[in-house]
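Pasted below: entry-v7.cif, mmCIF, C-alpha atoms and all ligand atoms.
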data_query
#
loop_
_atom_site.label_atom_id
_atom_site.label_comp_id
_atom_site.auth_asym_id
_atom_site.auth_seq_id
_atom_site.Cartn_x
_atom_site.Cartn_y
_atom_site.Cartn_z
CA MET A 25 0.00 0.00 0.00
CA ALA A 26 1.39 3.39 -0.95
CA GLU A 27 2.39 6.08 1.52
CA PRO A 28 0.79 7.86 3.30
CA LEU A 29 -2.11 5.41 3.50
CA GLU A 30 0.00 2.69 5.12
CA GLU A 31 1.44 5.08 7.69
CA LEU A 32 -1.94 6.52 8.63
CA ARG A 33 -3.87 3.26 8.91
CA SER A 34 -3.41 2.86 12.66
CA TRP A 35 -4.36 6.52 13.16
CA GLN A 36 -7.49 6.24 11.00
CA ARG A 37 -8.99 2.95 12.28
CA PRO A 38 -9.99 4.14 15.78
CA LEU A 39 -11.30 7.39 14.35
CA ARG A 40 -13.61 5.53 11.97
CA ALA A 41 -14.92 3.56 14.94
CA GLN A 42 -16.09 6.85 16.50
CA PHE A 43 -18.79 7.34 13.85
CA PRO A 44 -21.83 5.37 15.09
CA ILE A 45 -23.61 5.28 11.74
CA ILE A 46 -20.50 3.79 10.12
CA ALA A 47 -19.47 1.56 13.01
CA ALA A 48 -22.99 0.08 13.04
CA GLY A 49 -22.10 -1.63 9.70
CA PRO A 50 -21.60 -3.72 7.72
CA GLY A 51 -23.60 -1.69 5.28
CA PRO A 52 -23.07 0.17 2.03
CA ALA A 53 -19.99 2.39 1.97
CA TYR A 54 -20.84 6.07 2.45
CA LEU A 55 -19.03 7.93 -0.34
CA ASP A 56 -21.04 11.16 -0.42
CA SER A 57 -19.39 13.35 2.20
CA ALA A 58 -19.24 16.35 -0.16
CA ALA A 59 -23.04 16.47 0.21
CA THR A 60 -22.96 16.08 3.98
CA ALA A 61 -20.62 14.37 6.41
CA GLN A 62 -21.29 11.77 9.09
CA LYS A 63 -21.06 12.76 12.76
CA PRO A 64 -18.65 11.40 15.37
CA ARG A 65 -19.93 10.28 18.77
CA ALA A 66 -18.37 13.34 20.46
CA VAL A 67 -20.58 15.66 18.39
CA LEU A 68 -23.73 13.67 19.14
CA ASP A 69 -22.80 13.57 22.84
CA ALA A 70 -22.22 17.33 22.96
CA VAL A 71 -25.67 17.96 21.50
CA GLN A 72 -27.31 15.46 23.84
CA HIS A 73 -25.52 17.01 26.81
CA TYR A 74 -26.57 20.52 25.84
CA LEU A 75 -30.20 19.62 25.22
CA THR A 76 -30.47 17.66 28.43
CA THR A 77 -28.69 20.14 30.73
CA THR A 78 -28.84 23.81 29.68
CA ASN A 79 -31.10 24.13 26.62
CA ALA A 80 -32.57 27.66 26.47
CA ASN A 81 -32.59 30.59 24.09
CA ALA A 82 -29.38 32.55 23.46
CA GLY A 83 -28.88 36.25 24.17
CA ARG A 84 -32.24 36.71 25.87
CA GLY A 85 -32.84 35.41 29.42
CA SER A 86 -30.63 36.08 32.46
CA TYR A 87 -31.12 32.77 34.29
CA PRO A 88 -28.34 30.12 34.29
CA TRP A 89 -29.51 27.98 31.36
CA ALA A 90 -29.93 31.06 29.16
CA ASN A 91 -26.51 32.35 30.22
CA ALA A 92 -24.94 28.97 29.51
CA THR A 93 -26.52 28.91 26.04
CA THR A 94 -25.34 32.45 25.27
CA ALA A 95 -21.84 31.50 26.42
CA ALA A 96 -21.91 28.36 24.24
CA VAL A 97 -22.81 30.43 21.17
CA GLU A 98 -20.07 32.96 21.93
CA ARG A 99 -17.58 30.15 22.50
CA ALA A 100 -18.51 28.66 19.13
CA GLY A 101 -17.75 31.99 17.42
CA THR A 102 -14.31 32.06 19.06
CA ARG A 103 -13.81 28.41 18.08
CA VAL A 104 -14.57 29.17 14.42
CA LYS A 105 -12.00 31.97 14.44
CA GLU A 106 -9.35 29.71 15.98
CA PHE A 107 -10.13 26.87 13.60
CA LEU A 108 -9.76 29.13 10.57
CA GLY A 109 -6.41 30.44 11.82
CA ASP A 110 -7.73 33.97 12.27
CA PRO A 111 -4.73 36.25 12.98
CA GLU A 112 -6.88 39.15 14.23
CA PRO A 113 -9.82 37.68 16.15
CA ASP A 114 -10.63 41.05 17.73
CA ARG A 115 -11.34 42.62 14.35
CA SER A 116 -13.24 39.77 12.71
CA SER A 117 -16.78 38.48 13.21
CA VAL A 118 -18.59 35.17 12.89
CA HIS A 119 -22.20 34.82 11.85
CA PHE A 120 -23.94 31.44 12.09
CA THR A 121 -26.08 30.23 9.19
CA SER A 122 -27.91 27.10 8.09
CA GLY A 123 -25.15 26.23 5.62
CA ALA A 124 -22.95 27.65 2.91
CA SER A 125 -25.85 28.70 0.65
CA GLN A 126 -27.33 30.94 3.33
CA GLY A 127 -23.86 32.22 4.20
CA LEU A 128 -23.12 33.30 0.64
CA ARG A 129 -26.53 35.00 0.38
CA THR A 130 -25.82 36.84 3.64
CA VAL A 131 -22.54 38.22 2.28
CA ALA A 132 -24.29 39.17 -0.96
CA LEU A 133 -27.40 40.87 0.38
CA ASP A 134 -26.22 42.19 3.76
CA TRP A 135 -22.78 43.39 2.69
CA LEU A 136 -22.03 43.46 -1.04
CA ALA A 137 -25.27 45.18 -2.09
CA GLU A 138 -24.41 48.15 0.15
CA LEU A 139 -20.87 48.43 -1.15
CA LEU A 140 -21.57 48.69 -4.87
CA GLY A 141 -22.19 51.82 -6.92
CA ASP A 142 -23.22 52.45 -10.51
CA GLY A 143 -20.74 50.97 -13.01
CA ASP A 144 -18.91 48.84 -10.43
CA GLU A 145 -17.75 45.38 -11.45
CA ILE A 146 -17.70 42.09 -9.59
CA VAL A 147 -15.93 38.87 -10.65
CA VAL A 148 -17.67 35.59 -9.79
CA PRO A 149 -17.36 31.90 -10.77
CA PHE A 150 -19.79 30.64 -13.42
CA ALA A 151 -19.01 26.91 -13.11
CA ASP A 152 -18.71 26.37 -9.36
CA HIS A 153 -21.57 25.52 -7.02
CA GLU A 154 -24.80 27.32 -7.92
CA ALA A 155 -24.83 28.71 -4.35
CA ASN A 156 -21.71 30.72 -5.24
CA LEU A 157 -23.27 32.32 -8.32
CA ALA A 158 -26.99 32.89 -7.67
CA PRO A 159 -26.59 35.40 -4.77
CA TRP A 160 -24.22 37.66 -6.77
CA LEU A 161 -26.65 37.72 -9.70
CA GLU A 162 -29.42 38.49 -7.23
CA VAL A 163 -27.47 41.55 -6.05
CA ARG A 164 -27.20 42.70 -9.67
CA GLU A 165 -30.99 42.34 -10.12
CA LEU A 166 -31.72 44.07 -6.82
CA LEU A 167 -29.52 47.06 -7.65
CA ALA A 168 -30.79 47.23 -11.24
CA ARG A 169 -34.31 47.77 -9.84
CA GLN A 170 -32.86 50.79 -7.98
CA GLY A 171 -31.25 52.10 -11.17
CA VAL A 172 -27.72 51.00 -10.19
CA ARG A 173 -25.99 49.07 -12.98
CA ILE A 174 -23.46 46.43 -11.92
CA VAL A 175 -21.25 44.51 -14.34
CA VAL A 176 -20.82 40.81 -13.47
CA ARG A 177 -17.67 39.29 -14.96
CA GLU A 178 -16.71 35.62 -15.07
CA LEU A 179 -13.80 34.36 -13.01
CA PRO A 180 -12.05 32.40 -15.81
CA TYR A 181 -11.02 28.73 -15.68
CA GLN A 182 -8.09 26.86 -17.18
CA ASP A 183 -9.10 24.24 -19.72
CA GLY A 184 -9.28 20.70 -18.41
CA SER A 185 -7.93 21.19 -14.88
CA GLY A 186 -11.00 22.69 -13.25
CA ASP A 187 -8.72 25.37 -11.79
CA TYR A 188 -9.02 29.17 -12.20
CA ASP A 189 -6.84 30.84 -14.81
CA PRO A 190 -4.80 33.68 -13.25
CA VAL A 191 -3.52 34.89 -16.62
CA ALA A 192 -7.03 35.26 -18.05
CA LEU A 193 -8.16 36.77 -14.74
CA ALA A 194 -5.63 39.59 -15.13
CA ALA A 195 -7.51 40.69 -18.27
CA VAL A 196 -10.87 40.64 -16.44
CA VAL A 197 -9.83 42.69 -13.40
CA GLY A 198 -9.86 46.47 -13.76
CA PRO A 199 -10.09 49.71 -11.76
CA ARG A 200 -13.85 49.22 -11.23
CA THR A 201 -13.46 45.69 -9.78
CA ARG A 202 -14.96 45.88 -6.29
CA PHE A 203 -15.34 42.23 -5.30
CA VAL A 204 -14.34 38.67 -6.20
CA ALA A 205 -16.13 35.46 -5.23
CA ALA A 206 -14.10 32.27 -5.44
CA THR A 207 -14.19 28.67 -4.26
CA HIS A 208 -11.48 26.94 -2.24
CA VAL A 209 -12.00 23.34 -3.39
CA HIS A 210 -14.26 22.59 -6.37
CA HIS A 211 -17.25 20.43 -5.43
CA VAL A 212 -17.17 18.40 -8.68
CA TYR A 213 -13.55 18.43 -9.88
CA GLY A 214 -12.06 18.23 -6.39
CA ALA A 215 -9.39 20.75 -7.36
CA ASP A 216 -7.75 23.16 -4.96
CA MET A 217 -8.51 26.39 -6.78
CA ASN A 218 -5.28 28.18 -5.79
CA VAL A 219 -7.04 31.18 -4.37
CA HIS A 220 -3.73 32.78 -3.33
CA ARG A 221 -3.14 33.34 -7.07
CA VAL A 222 -6.48 35.13 -7.34
CA ARG A 223 -5.31 37.46 -4.57
CA GLU A 224 -1.99 38.04 -6.39
CA VAL A 225 -3.87 39.08 -9.54
CA VAL A 226 -6.56 41.28 -7.98
CA GLY A 227 -4.15 43.08 -5.65
CA PRO A 228 -4.40 43.81 -1.93
CA ASP A 229 -7.52 45.98 -1.82
CA VAL A 230 -10.31 43.99 -3.50
CA PRO A 231 -12.39 41.94 -1.02
CA ILE A 232 -12.51 38.21 -1.78
CA CYS A 233 -15.29 35.94 -0.51
CA LEU A 234 -14.22 32.31 -0.32
CA ASP A 235 -16.70 29.44 -0.54
CA ALA A 236 -14.91 26.93 1.67
CA ALA A 237 -17.75 24.40 1.85
CA GLN A 238 -15.49 21.61 0.56
CA SER A 239 -12.34 22.50 2.44
CA VAL A 240 -13.25 23.37 6.04
CA GLY A 241 -12.94 20.10 7.94
CA HIS A 242 -10.82 18.51 5.22
CA VAL A 243 -7.64 20.57 5.18
CA PRO A 244 -5.68 22.71 7.65
CA PHE A 245 -7.10 26.18 7.23
CA SER A 246 -5.38 29.54 7.38
CA VAL A 247 -7.27 32.70 6.51
CA ALA A 248 -3.99 34.55 7.01
CA GLY A 249 -2.32 32.44 4.33
CA LEU A 250 -5.24 32.73 1.92
CA ASP A 251 -5.67 36.47 2.50
CA VAL A 252 -9.41 36.45 1.91
CA ASP A 253 -12.08 38.64 3.51
CA PHE A 254 -14.96 36.24 3.95
CA VAL A 255 -14.91 32.50 4.53
CA VAL A 256 -18.26 30.79 4.12
CA PHE A 257 -18.69 27.13 5.03
CA SER A 258 -21.20 24.42 5.88
CA GLY A 259 -20.94 23.03 9.41
CA HIS A 260 -22.80 19.90 8.32
CA LYS A 261 -20.04 19.04 5.82
CA ALA A 262 -17.51 19.52 8.67
CA LEU A 263 -19.05 16.83 10.93
CA ALA A 264 -21.58 19.13 12.70
CA LEU A 265 -25.38 18.75 12.64
CA PRO A 266 -27.49 19.44 9.53
CA GLY A 267 -28.64 23.07 9.33
CA THR A 268 -25.30 24.51 10.46
CA GLY A 269 -22.75 26.78 8.82
CA ALA A 270 -20.94 30.06 9.34
CA VAL A 271 -19.62 33.21 7.72
CA TRP A 272 -16.30 34.50 8.99
CA ALA A 273 -15.70 38.14 8.06
CA ARG A 274 -12.30 39.74 8.40
CA GLY A 275 -13.61 43.31 8.52
CA ARG A 276 -10.35 44.77 7.23
CA ARG A 277 -11.45 45.91 3.76
CA GLY A 278 -14.74 47.71 3.29
CA PRO A 279 -17.62 47.96 5.77
CA ARG A 280 -18.24 45.28 8.37
CA LEU A 281 -20.70 42.49 7.77
CA ARG A 282 -23.90 43.36 9.63
CA PRO A 283 -26.43 40.65 8.94
CA GLY A 284 -29.72 42.49 8.49
CA GLY A 285 -33.17 41.85 9.83
CA TRP A 286 -34.29 40.11 12.98
CA ALA A 287 -32.35 36.86 13.03
CA GLY A 288 -34.62 35.23 15.62
CA THR A 289 -33.66 32.22 17.67
CA PRO A 290 -30.36 30.73 16.53
CA ASN A 291 -29.84 27.00 15.95
CA THR A 292 -28.27 26.62 19.38
CA ALA A 293 -27.97 22.81 19.30
CA GLY A 294 -26.41 23.06 15.84
CA ILE A 295 -23.97 25.72 17.00
CA VAL A 296 -22.98 23.54 19.97
CA SER A 297 -22.43 20.66 17.53
CA LEU A 298 -20.19 22.88 15.39
CA SER A 299 -17.94 23.68 18.35
CA ALA A 300 -17.70 20.00 19.16
CA ALA A 301 -17.00 19.10 15.52
CA LEU A 302 -14.17 21.63 15.28
CA ASP A 303 -12.71 20.27 18.54
CA TRP A 304 -12.90 16.74 17.13
CA LEU A 305 -11.28 17.76 13.84
CA ASP A 306 -8.43 19.56 15.62
CA ALA A 307 -7.82 16.59 17.90
CA ALA A 308 -7.81 14.19 14.94
CA GLY A 309 -5.52 16.55 13.01
CA THR A 310 -6.69 18.25 9.83
CA ASP A 311 -3.23 17.72 8.33
CA ARG A 312 -3.68 13.96 8.64
CA ILE A 313 -7.31 14.11 7.51
CA GLU A 314 -6.06 15.93 4.44
CA ALA A 315 -3.29 13.40 3.81
CA TRP A 316 -5.69 10.47 4.21
CA THR A 317 -8.51 11.78 2.03
CA VAL A 318 -6.18 13.12 -0.67
CA ALA A 319 -4.47 9.71 -0.84
CA LEU A 320 -7.81 7.87 -1.09
CA ALA A 321 -9.00 10.21 -3.85
CA ALA A 322 -5.68 9.86 -5.69
CA ARG A 323 -5.92 6.08 -5.49
CA LEU A 324 -9.38 6.17 -7.00
CA THR A 325 -8.27 8.64 -9.70
CA ASP A 326 -5.28 6.51 -10.64
CA GLY A 327 -7.37 3.32 -10.62
CA LEU A 328 -9.99 4.90 -12.87
CA SER A 329 -7.36 6.15 -15.30
CA ARG A 330 -6.44 2.49 -15.94
CA LEU A 331 -10.06 1.58 -16.78
CA GLU A 332 -10.79 2.42 -20.40
CA SER A 333 -14.54 2.86 -20.03
CA TYR A 334 -14.24 5.77 -17.61
CA GLU A 335 -13.44 9.44 -17.92
CA VAL A 336 -12.39 11.34 -14.79
CA LEU A 337 -13.50 14.97 -14.73
CA GLY A 338 -11.06 17.75 -13.88
CA CYS A 339 -7.42 16.88 -13.31
CA ARG A 340 -7.12 13.27 -14.36
CA SER A 341 -3.53 12.18 -14.79
CA SER A 342 -1.25 10.21 -12.51
CA LEU A 343 0.42 11.05 -9.24
CA ALA A 344 3.64 12.00 -11.00
CA ALA A 345 5.41 14.95 -9.42
CA GLY A 346 3.90 18.20 -10.56
CA SER A 347 0.72 16.51 -11.76
CA ALA A 348 -2.49 18.39 -11.26
CA VAL A 349 -3.96 15.37 -9.51
CA GLN A 350 -1.77 16.13 -6.52
CA ARG A 351 -4.00 19.11 -5.96
CA ARG A 352 -7.12 16.94 -6.03
CA ARG A 353 -8.70 16.87 -2.59
CA SER A 354 -11.33 14.42 -1.39
CA ILE A 355 -13.61 14.45 -4.45
CA VAL A 356 -13.50 12.42 -7.67
CA ALA A 357 -16.18 12.78 -10.36
CA PHE A 358 -16.28 10.50 -13.39
CA ARG A 359 -18.41 9.18 -16.23
CA HIS A 360 -18.76 5.79 -17.90
CA HIS A 361 -18.60 5.97 -21.69
CA ARG A 362 -21.76 3.88 -22.17
CA ILE A 363 -23.67 3.73 -18.87
CA ALA A 364 -25.60 6.89 -17.97
CA SER A 365 -24.36 8.40 -14.70
CA ARG A 366 -27.74 8.11 -13.00
CA ASP A 367 -27.92 4.42 -13.90
CA LEU A 368 -24.36 3.93 -12.71
CA GLY A 369 -25.33 5.48 -9.37
CA PHE A 370 -28.13 2.89 -8.95
CA ILE A 371 -25.86 0.06 -10.03
CA LEU A 372 -23.20 1.13 -7.55
CA TYR A 373 -25.73 1.26 -4.74
CA SER A 374 -26.79 -2.29 -5.58
CA HIS A 375 -23.11 -3.24 -5.13
CA GLY A 376 -22.87 -1.49 -1.76
CA PHE A 377 -21.73 2.08 -2.51
CA MET A 378 -23.61 5.31 -1.77
CA VAL A 379 -22.39 7.87 -4.31
CA ARG A 380 -23.96 10.94 -5.85
CA SER A 381 -24.94 10.89 -9.52
CA ASP A 382 -26.36 14.03 -11.12
CA SER A 383 -25.00 17.43 -12.05
CA HIS A 384 -24.15 18.24 -8.39
CA CYS A 385 -25.76 21.73 -8.37
CA GLN A 386 -22.96 22.99 -10.61
CA ALA A 387 -23.79 26.39 -12.10
CA GLY A 388 -24.27 26.22 -15.86
CA ALA A 389 -24.25 22.40 -15.89
CA GLY A 390 -27.70 22.19 -17.53
CA ALA A 391 -29.73 18.99 -17.62
CA GLY A 392 -27.02 16.79 -19.19
CA ASP A 393 -25.88 13.39 -18.01
CA GLY A 394 -23.88 14.79 -15.09
CA SER A 395 -21.40 12.45 -13.48
CA VAL A 396 -20.90 10.07 -10.60
CA ARG A 397 -19.22 11.80 -7.68
CA VAL A 398 -17.31 9.92 -4.99
CA SER A 399 -16.31 12.03 -1.99
CA VAL A 400 -14.49 10.73 1.05
CA HIS A 401 -13.82 11.77 4.61
CA VAL A 402 -11.77 10.53 7.50
CA TYR A 403 -14.00 7.47 8.05
CA ASN A 404 -13.54 6.02 4.56
CA THR A 405 -11.06 3.23 3.99
CA VAL A 406 -8.64 1.91 1.40
CA GLU A 407 -10.73 -1.27 1.26
CA GLU A 408 -13.82 0.72 0.27
CA ILE A 409 -11.93 2.40 -2.57
CA GLU A 410 -10.41 -0.91 -3.72
CA ALA A 411 -13.83 -2.60 -3.64
CA LEU A 412 -15.31 0.29 -5.61
CA LEU A 413 -12.56 0.01 -8.23
CA THR A 414 -13.16 -3.75 -8.50
CA THR A 415 -16.87 -3.12 -9.07
CA LEU A 416 -16.18 -0.36 -11.60
CA ALA A 417 -13.77 -2.68 -13.44
CA SER A 418 -16.45 -5.37 -13.61
CA LEU A 419 -18.73 -2.88 -15.38
CA GLN A 420 -16.20 -2.08 -18.13
N1 LIG B 501 -20.67 25.57 -2.03
C1 LIG B 501 -20.12 24.39 -2.32
C2 LIG B 501 -18.76 24.35 -2.95
C3 LIG B 501 -20.82 23.21 -2.03
O1 LIG B 501 -20.27 22.04 -2.34
C4 LIG B 501 -22.10 23.29 -1.42
C5 LIG B 501 -22.88 22.07 -1.13
O2 LIG B 501 -22.70 21.05 -1.73
C6 LIG B 501 -22.62 24.54 -1.14
C7 LIG B 501 -21.89 25.67 -1.45
C8 LIG B 501 -23.96 24.69 -0.47
O3 LIG B 501 -23.83 24.28 0.84
P1 LIG B 501 -25.10 24.09 1.82
O4 LIG B 501 -25.77 22.85 1.34
O5 LIG B 501 -24.50 23.94 3.16
O6 LIG B 501 -25.95 25.28 1.68
#
Kindly present the structure from the file in structure tokens form.
Ligand code: PLP
Amino acid sequence: MAEPLEELRSWQRPLRAQFPIIAAGPGPAYLDSAATAQKPRAVLDAVQHYLTTTNANAGRGSYPWANATTAAVERAGTRVKEFLGDPEPDRSSVHFTSGASQGLRTVALDWLAELLGDGDEIVVPFADHEANLAPWLEVRELLARQGVRIVVRELPYQDGSGDYDPVALAAVVGPRTRFVAATHVHHVYGADMNVHRVREVVGPDVPICLDAAQSVGHVPFSVAGLDVDFVVFSGHKALALPGTGAVWARGRRGPRLRPGGWAGTPNTAGIVSLSAALDWLDAAGTDRIEAWTVALAARLTDGLSRLESYEVLGCRSSLAAGSAVQRRRSIVAFRHHRIASRDLGFILYSHGFMVRSDSHCQAGAGAGDGSVRVSVHVYNTVEEIEALLTTLASLQ
């Protein structure tokens, strides 16, 4: 078995055992963590403990349960900042959401719409997740109704790799560019989108909003290193409960994010679960989670490249030094040359694999055949990937 999978096996096995839904097996292999991740026992216990000891509303009452809930929500905000490697926690803010979609809409409607003036330009991705395109277009429509004309430009991609194209981007960015939306890891191609290069091209002053739905919880995170202004992520893809997510806002460029309207009662149990999930991820080690999931995805990519009937989307070549596949994270999407992706999804389930097969909410993907997407997390194993490859080979 290739490094680092062999080295990490004894680290990974007890961690896998901490996921009750997985440990309850044997059952079909869960290979759809890009949609939502499974939850470790520690997260479930934290929620159970909260709901059975101090459940109350946050920021309202002054009795002990209410105070404990308020403190738990505040602690979770601090935890998010720490987890993201926030270098200036006193200047930044964290706003909890139901997931990345709501987070991106919050940045769009509660922050970007106020910033823009007539003739301003924004640069956004047209082939990433729909959630990272629709809100920016909504801002354009909203402002157009007020007589303010915004130009929306496409963040360009390099052919074949699924990555952004910094050279083409340089031609798109101009003196009226006020904002860039980008994605950290692509939800179909699995590519690390090299956002630091986007920053190099747009210069130090243009705010960047990063959709980190597929990277938070999978890779060590450093907002300082990425030099972005907003990080939006889904808690539920980072081992927390469904209906959780957050927006981190640096507050260094432009006005501060002030989520508008009456937010009402927050998802306190979900927020507690997010704190616990981030604790679990830190204890497990995001560097090792990254090494494990990247190696599993690379093994699947390499195995598929030897099977003639399949086409891997995005970076597809081998693990040779300098190959784009080294930047592939925990996601591999592919098509069979003759079997429709939706059918392949059903066939794979009948062989014991839960994968996603459609167009994965990709903006501009249309109603075509889509692809089969396999996405892994810390609980997945080499044996699951090998068994999947054996099944895929039998369907050649
Ligand atoms: N952005 C990316 C890259 C995603 O993969 C997803 C979900 O798949 C989203 C945004 C939307 O996240 P949520 O379902 O938490 O709203």
- Task: Considering all atoms listed in the file, state which residue in the set A:Leu108, A:Ala417, A:Ala61, A:Val175 is at the smallest distance from Glu332 (chain A).
- Result: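 Counting all atoms listed in the file, the residue closest to Glu332 (chain A) is A:Ala417.
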So that all listed atoms of ligand LIG 501 (chain B) fit with 8 Å spare on each side, what axis-aligned box centre and edge lengths in Å, to one decimal, would you give as lines of an AutoDock Vina configuration file?
center_x = -22.4
center_y = 23.4
center_z = 0.1
size_x = 23.2
size_y = 20.6
size_z = 22.1
- Task: Could you tell me, counting all atoms listed in the file, which protein and nucleic acid residues lie no more than 9 Å from ligand LIG 501 (chain B), written as a ChimeraX atom specification?
- Result: /A:58-60,121-128,152-156,207-212,235-239,256-261,266-269,384-386
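Distance check against His375 (chain A) using all atoms listed in the file: of A:Val398, A:Leu136, A:Leu320, A:Ala411, the minimum falls on A:Ala411.
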- Query: Hey, what's within 12 Å of His73 (chain A) if we count all atoms listed in the file and toss same-chain stuff fewer than 3 positions away? As an MDAnalysis selection string, please?
  - Reply: chainID A and resid 65:70 76:79 93 293 296:297 300
Expected file contents, prior selection, C-alpha atoms, as a PDB file, in the coordinates of the input:
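New file again.pdb:
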ATOM      1  CA  ARG A  65     -19.930  10.280  18.770  1.00  0.00           C
ATOM      2  CA  ALA A  66     -18.370  13.340  20.460  1.00  0.00           C
ATOM      3  CA  VAL A  67     -20.580  15.660  18.390  1.00  0.00           C
ATOM      4  CA  LEU A  68     -23.730  13.670  19.140  1.00  0.00           C
ATOM      5  CA  ASP A  69     -22.800  13.570  22.840  1.00  0.00           C
ATOM      6  CA  ALA A  70     -22.220  17.330  22.960  1.00  0.00           C
ATOM      7  CA  THR A  76     -30.470  17.660  28.430  1.00  0.00           C
ATOM      8  CA  THR A  77     -28.690  20.140  30.730  1.00  0.00           C
ATOM      9  CA  THR A  78     -28.840  23.810  29.680  1.00  0.00           C
ATOM     10  CA  ASN A  79     -31.100  24.130  26.620  1.00  0.00           C
ATOM     11  CA  THR A  93     -26.520  28.910  26.040  1.00  0.00           C
ATOM     12  CA  ALA A 293     -27.970  22.810  19.300  1.00  0.00           C
ATOM     13  CA  VAL A 296     -22.980  23.540  19.970  1.00  0.00           C
ATOM     14  CA  SER A 297     -22.430  20.660  17.530  1.00  0.00           C
ATOM     15  CA  ALA A 300     -17.700  20.000  19.160  1.00  0.00           C
TER      16      ALA A 300
END
- Nearby residues (all atoms listed in the file) at most 9 Å from region 98-106 of chain A, same-chain spacing under 6 positions excluded, as a PyMOL selection string: chain A and resi 112-113+116-120+270+272+295-296+298-300+302-303
- Point (-9.3, 47.1, -3.5), cut-off 9 Å, counting only C-alpha atoms, residues as JSON, numbers by chain: {"A": [199, 201, 202, 203, 226, 227, 228, 229, 230, 231, 277, 278]}
Writing out the chosen residues with C-alpha atoms as a compact mmCIF listing (two decimals), keeping the file's coordinate frame:
# COMPACT_ATOMS: atom_id res chain seq x y z
CA PRO A 199 -10.09 49.71 -11.76
CA THR A 201 -13.46 45.69 -9.78
CA ARG A 202 -14.96 45.88 -6.29
CA PHE A 203 -15.34 42.23 -5.30
CA VAL A 226 -6.56 41.28 -7.98
CA GLY A 227 -4.15 43.08 -5.65
CA PRO A 228 -4.40 43.81 -1.93
CA ASP A 229 -7.52 45.98 -1.82
CA VAL A 230 -10.31 43.99 -3.50
CA PRO A 231 -12.39 41.94 -1.02
CA ARG A 277 -11.45 45.91 3.76
CA GLY A 278 -14.74 47.71 3.29
- Interatomic distance, CA of Ile146 (chain A) to CA of Ile174 (chain A) (Å, one decimal):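 Result for CA of Ile146 (chain A) versus CA of Ile174 (chain A): 7.6 Å, one decimal.
Nearest residue to Asp306 (chain A) among A:Pro88, A:Pro190, A:Pro279, A:Gly109 is A:Gly109, counting only C-alpha atoms.
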- Please provide the set of residues having any atom within 8 Å of Gly186 (chain A), restricted to all atoms listed in the file, with same-chain residues fewer than 2 positions apart removed, written as a PyMOL selection string. chain A and resi 181-184+188+210+213+215+217+338-339
Write the residues you've just listed into a file as a PDB file, in the frame of the given file, and include C-alpha atoms for each of them.
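Saved as out-v9.pdb:
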ATOM      1  CA  TYR A 181     -11.020  28.730 -15.680  1.00  0.00           C
ATOM      2  CA  GLN A 182      -8.090  26.860 -17.180  1.00  0.00           C
ATOM      3  CA  ASP A 183      -9.100  24.240 -19.720  1.00  0.00           C
ATOM      4  CA  GLY A 184      -9.280  20.700 -18.410  1.00  0.00           C
ATOM      5  CA  TYR A 188      -9.020  29.170 -12.200  1.00  0.00           C
ATOM      6  CA  HIS A 210     -14.260  22.590  -6.370  1.00  0.00           C
ATOM      7  CA  TYR A 213     -13.550  18.430  -9.880  1.00  0.00           C
ATOM      8  CA  ALA A 215      -9.390  20.750  -7.360  1.00  0.00           C
ATOM      9  CA  MET A 217      -8.510  26.390  -6.780  1.00  0.00           C
ATOM     10  CA  GLY A 338     -11.060  17.750 -13.880  1.00  0.00           C
ATOM     11  CA  CYS A 339      -7.420  16.880 -13.310  1.00  0.00           C
TER      12      CYS A 339
END
- Query: Could you pull the residues within 12 Å of Ser383 (chain A), counting all atoms listed in the file, minus those fewer than 4 positions along the same chain, as a PyMOL selection string?
  - Reply: chain A and resi 151-154+211-213+357-359+365-366+387-397
Could you turn the residues from that selection into a file that holds C-alpha atoms, as a PDB file, in the frame of the given file?
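Full text of again.pdb as output:
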ATOM      1  CA  ALA A 151     -19.010  26.910 -13.110  1.00  0.00           C
ATOM      2  CA  ASP A 152     -18.710  26.370  -9.360  1.00  0.00           C
ATOM      3  CA  HIS A 153     -21.570  25.520  -7.020  1.00  0.00           C
ATOM      4  CA  GLU A 154     -24.800  27.320  -7.920  1.00  0.00           C
ATOM      5  CA  HIS A 211     -17.250  20.430  -5.430  1.00  0.00           C
ATOM      6  CA  VAL A 212     -17.170  18.400  -8.680  1.00  0.00           C
ATOM      7  CA  TYR A 213     -13.550  18.430  -9.880  1.00  0.00           C
ATOM      8  CA  ALA A 357     -16.180  12.780 -10.360  1.00  0.00           C
ATOM      9  CA  PHE A 358     -16.280  10.500 -13.390  1.00  0.00           C
ATOM     10  CA  ARG A 359     -18.410   9.180 -16.230  1.00  0.00           C
ATOM     11  CA  SER A 365     -24.360   8.400 -14.700  1.00  0.00           C
ATOM     12  CA  ARG A 366     -27.740   8.110 -13.000  1.00  0.00           C
ATOM     13  CA  ALA A 387     -23.790  26.390 -12.100  1.00  0.00           C
ATOM     14  CA  GLY A 388     -24.270  26.220 -15.860  1.00  0.00           C
ATOM     15  CA  ALA A 389     -24.250  22.400 -15.890  1.00  0.00           C
ATOM     16  CA  GLY A 390     -27.700  22.190 -17.530  1.00  0.00           C
ATOM     17  CA  ALA A 391     -29.730  18.990 -17.620  1.00  0.00           C
ATOM     18  CA  GLY A 392     -27.020  16.790 -19.190  1.00  0.00           C
ATOM     19  CA  ASP A 393     -25.880  13.390 -18.010  1.00  0.00           C
ATOM     20  CA  GLY A 394     -23.880  14.790 -15.090  1.00  0.00           C
ATOM     21  CA  SER A 395     -21.400  12.450 -13.480  1.00  0.00           C
ATOM     22  CA  VAL A 396     -20.900  10.070 -10.600  1.00  0.00           C
ATOM     23  CA  ARG A 397     -19.220  11.800  -7.680  1.00  0.00           C
TER      24      ARG A 397
END
